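**Student:** Supplied structure: query12.tsv, TSV, C-alpha atoms.
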```tsv
chain	number	residue	atom	x	y	z
A	1	MET	CA	-166.72	28.91	22.22
A	2	SER	CA	-163.93	30.90	20.62
A	3	VAL	CA	-161.93	33.64	22.22
A	4	ASN	CA	-160.70	36.57	20.14
A	5	ASN	CA	-157.58	38.33	21.25
A	6	THR	CA	-154.91	40.60	19.86
A	7	ILE	CA	-151.21	40.03	20.31
A	8	ASN	CA	-149.91	42.33	23.03
A	9	TRP	CA	-147.31	42.12	25.76
A	10	ASP	CA	-149.50	39.96	28.03
A	11	THR	CA	-150.40	37.56	25.24
A	12	VAL	CA	-146.74	37.10	24.35
A	13	LEU	CA	-145.93	36.39	27.99
A	14	ASN	CA	-148.64	33.73	28.09
A	15	ILE	CA	-147.24	32.02	25.00
A	16	LEU	CA	-143.54	32.27	25.83
A	17	LEU	CA	-143.39	32.01	29.62
A	18	SER	CA	-144.83	29.88	32.37
A	19	PRO	CA	-147.10	31.71	34.84
A	20	ALA	CA	-144.28	31.87	37.42
A	21	GLU	CA	-141.80	33.24	34.86
A	22	ALA	CA	-144.33	35.83	33.67
A	23	ALA	CA	-145.07	36.96	37.23
A	24	LEU	CA	-141.39	37.34	38.11
A	25	LEU	CA	-140.62	39.22	34.90
A	26	ALA	CA	-143.57	41.56	35.45
A	27	VAL	CA	-142.50	42.39	39.03
A	28	ILE	CA	-138.86	42.92	38.10
A	29	TRP	CA	-139.91	45.00	35.07
A	30	GLU	CA	-142.18	47.21	37.18
A	31	ARG	CA	-139.56	47.75	39.89
A	32	TYR	CA	-136.83	48.35	37.28
A	33	VAL	CA	-138.90	51.07	35.57
A	34	GLN	CA	-139.76	52.65	38.94
A	35	ASN	CA	-136.03	52.73	39.70
A	36	HIS	CA	-135.35	54.78	36.53
A	37	ASN	CA	-133.97	51.76	34.59
A	38	LYS	CA	-131.29	51.07	37.18
A	39	PRO	CA	-130.77	47.62	38.71
A	40	VAL	CA	-133.26	46.89	41.45
A	41	GLN	CA	-132.40	44.95	44.61
A	42	LEU	CA	-134.93	42.29	45.70
A	43	THR	CA	-134.85	39.35	48.08
A	44	ASN	CA	-136.41	36.01	47.24
A	45	LYS	CA	-138.87	36.55	50.09
A	46	THR	CA	-139.95	39.92	48.64
A	47	ILE	CA	-140.41	38.34	45.22
A	48	GLU	CA	-142.45	35.55	46.83
A	49	VAL	CA	-144.80	38.08	48.44
A	50	LEU	CA	-145.22	40.05	45.20
A	51	THR	CA	-145.70	37.05	42.86
A	52	ASN	CA	-146.95	34.10	44.95
A	53	VAL	CA	-144.02	32.08	43.57
A	54	PRO	CA	-142.52	30.14	46.50
A	55	ALA	CA	-139.18	31.58	47.64
A	56	SER	CA	-137.65	28.13	47.15
A	57	SER	CA	-138.56	28.29	43.43
A	58	VAL	CA	-137.56	31.90	42.80
A	59	TYR	CA	-133.89	31.09	42.18
A	60	LYS	CA	-134.71	28.39	39.60
A	61	THR	CA	-137.29	30.56	37.83
A	62	ILE	CA	-134.97	33.58	37.75
A	63	GLY	CA	-132.33	31.31	36.22
A	64	LYS	CA	-134.71	30.45	33.38
A	65	LEU	CA	-135.46	34.13	32.73
A	66	GLU	CA	-131.75	34.84	32.75
A	67	ARG	CA	-131.06	32.04	30.24
A	68	LEU	CA	-133.87	33.44	28.07
A	69	ASN	CA	-131.95	36.75	28.15
A	70	LEU	CA	-134.98	38.64	29.46
A	71	ILE	CA	-133.36	39.76	32.73
A	72	GLY	CA	-129.87	40.17	34.04
A	73	VAL	CA	-128.66	39.29	37.52
A	74	ILE	CA	-125.78	41.51	38.54
A	75	GLU	CA	-124.55	40.42	41.96
A	76	GLU	CA	-125.52	38.92	45.27
A	77	ARG	CA	-125.78	40.96	48.44
A	78	SER	CA	-124.81	38.56	51.19
A	79	ASN	CA	-126.08	40.70	54.07
A	80	ASN	CA	-129.75	40.08	53.29
A	81	ASN	CA	-129.65	37.42	50.56
A	82	SER	CA	-130.88	39.78	47.87
A	83	TRP	CA	-129.88	40.16	44.25
A	84	LEU	CA	-129.63	43.07	41.82
A	85	TYR	CA	-131.86	42.57	38.77
A	86	MET	CA	-132.15	44.44	35.51
A	87	VAL	CA	-134.43	44.00	32.49
A	88	GLU	CA	-132.88	43.32	29.09
A	89	TYR	CA	-135.21	45.60	27.09
A	90	ASN	CA	-133.57	44.91	23.73
A	91	GLU	CA	-134.01	41.16	24.04
A	92	VAL	CA	-137.58	41.41	25.37
A	93	ASN	CA	-138.55	43.73	22.50
A	94	LYS	CA	-136.82	41.48	19.95
A	95	VAL	CA	-138.76	38.43	21.14
A	96	ILE	CA	-142.08	40.31	21.24
A	97	LYS	CA	-141.53	41.69	17.72
A	98	SER	CA	-140.67	38.22	16.44
A	99	ILE	CA	-143.83	36.74	17.91
A	100	LYS	CA	-145.96	39.64	16.69
A	101	SER	CA	-144.54	39.18	13.17
A	102	PHE	CA	-146.76	36.12	12.78
A	103	ASN	CA	-149.75	38.49	12.90
A	104	PRO	CA	-148.39	41.82	11.54
A	105	ASN	CA	-151.77	43.56	11.28
A	106	ASN	CA	-152.56	42.63	14.90
A	107	GLU	CA	-155.94	41.34	13.81
A	108	PRO	CA	-158.07	39.45	16.31
A	109	ILE	CA	-157.13	35.78	16.29
A	110	THR	CA	-159.08	32.79	17.45
A	111	TYR	CA	-157.36	30.30	19.69
A	112	SER	CA	-158.23	26.96	18.14
A	113	LYS	CA	-156.40	23.83	17.07
A	114	ASP	CA	-156.58	24.73	13.38
A	115	ASN	CA	-155.27	28.29	13.77
A	116	THR	CA	-151.98	28.51	11.85
A	117	ILE	CA	-150.95	31.85	13.36
A	118	THR	CA	-151.30	30.59	16.92
A	119	ASN	CA	-149.51	27.33	16.12
A	120	ASP	CA	-146.64	29.23	14.46
A	121	MET	CA	-146.29	31.52	17.47
A	122	VAL	CA	-146.24	28.60	19.88
A	123	GLU	CA	-143.66	26.77	17.73
A	124	TYR	CA	-141.47	29.89	17.63
A	125	CYS	CA	-141.68	30.28	21.43
A	126	GLU	CA	-140.82	26.62	21.98
A	127	SER	CA	-137.83	26.82	19.61
A	128	TYR	CA	-136.68	30.04	21.29
A	129	ARG	CA	-136.79	28.32	24.70
A	130	LYS	CA	-134.86	25.34	23.27
A	131	SER	CA	-132.22	27.62	21.74
A	132	CYS	CA	-131.71	29.20	25.18
A	133	LYS	CA	-131.43	25.73	26.75
A	134	VAL	CA	-134.62	26.19	28.78
A	135	GLU	CA	-137.14	23.38	29.04
A	136	CYS	CA	-140.09	23.85	26.69
A	137	LEU	CA	-143.45	24.54	28.27
A	138	ARG	CA	-145.00	21.54	26.51
A	139	GLU	CA	-142.45	19.24	28.14
A	140	THR	CA	-142.92	20.91	31.51
A	141	ARG	CA	-146.68	20.45	31.32
A	142	LYS	CA	-146.38	16.87	30.02
A	143	ASN	CA	-144.07	15.88	32.90
A	144	LYS	CA	-146.02	17.75	35.59
A	145	GLY	CA	-146.72	15.43	38.49
A	146	LYS	CA	-144.60	12.55	37.19
A	147	ARG	CA	-141.91	11.17	39.46
A	148	LYS	CA	-138.36	11.14	38.23
A	149	ASN	CA	-136.62	7.78	38.43
A	150	LYS	CA	-133.28	7.98	40.15
```
Could you render the structure from this file as structure tokens?

**Tutor:**
Amino acid sequence: MSVNNTINWDTVLNILLSPAEAALLAVIWERYVQNHNKPVQLTNKTIEVLTNVPASSVYKTIGKLERLNLIGVIEERSNNNSWLYMVEYNEVNKVIKSIKSFNPNNEPITYSKDNTITNDMVEYCESYRKSCKVECLRETRKNKGKRKNK
């Protein structure tokens, strides 16, 4: 069974980001836009409720998004352990345009092992993550569930 899809914002998120990273970016993006493109203040607990990402993992996941230059973290508010977040529109748009450039006519593509367009997009996303010093999704998935030797 083949699945046809066009390259849009959601598709790019699925190729570039883990599900937790995509959920956090979507929530911060939505709140940032609602706040008239001004930094939005959120606690880890609020983010957990909105994304189902455990509060204990929010800090690590936000760090990855920050290293990918997709969001900015401005400062910590010590009174309620919240942070000010902003979306780096220019960087997000640059990455999306780069990924979309592999399929400029935005034709339906089939996700299969022999699809060159899909493979090129995945390779670009992995190299982008490496260039930002963020673990590649392939490595994350390969190591999932394995114990680290100390």

**Student:** Tell me, in Å to one decimal, how far CA of Leu25 in chain A is from CA of Leu65 in chain A.

**Tutor:**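 Distance reported for this atom pair: 7.6 Å.
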
**Student:** Go through A:Val53, A:Met86, A:Ser18, A:Glu75 one by one, measure the shortest atom-to-atom distance of each to Gln34 in chain A using only C-alpha atoms, and give the residue with the smallest value.

**Tutor:**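 Under the stated criterion, the closest residue is A:Met86.
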
**Student:** So, with only C-alpha atoms as the atoms that count, which of A:Leu13, A:Ile71, A:Ala20, A:Val95 lies closest to Ser127 in chain A?

**Tutor:**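 Under the stated criterion, the closest residue is A:Val95.
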
**Student:** Quick one: of A:Ala55, A:Val73, A:Leu84, A:Leu16, who's nearest to Leu42 in chain A, counting all atoms listed in the file?

**Tutor:** A:Leu84

**Student:** Would you list the contacts of Ile117 in chain A as a ChimeraX atom specification, taking every protein, DNA or RNA residue within 7 Å and counting all atoms listed in the file, but skipping same-chain residues closer than 3 positions in sequence?

**Tutor:** /A:102-103,120-121

**Student:** To one decimal place, how far is CA of Asn14 in chain A from CA of Arg129 in chain A in Å?

**Tutor:** 13.5 Å
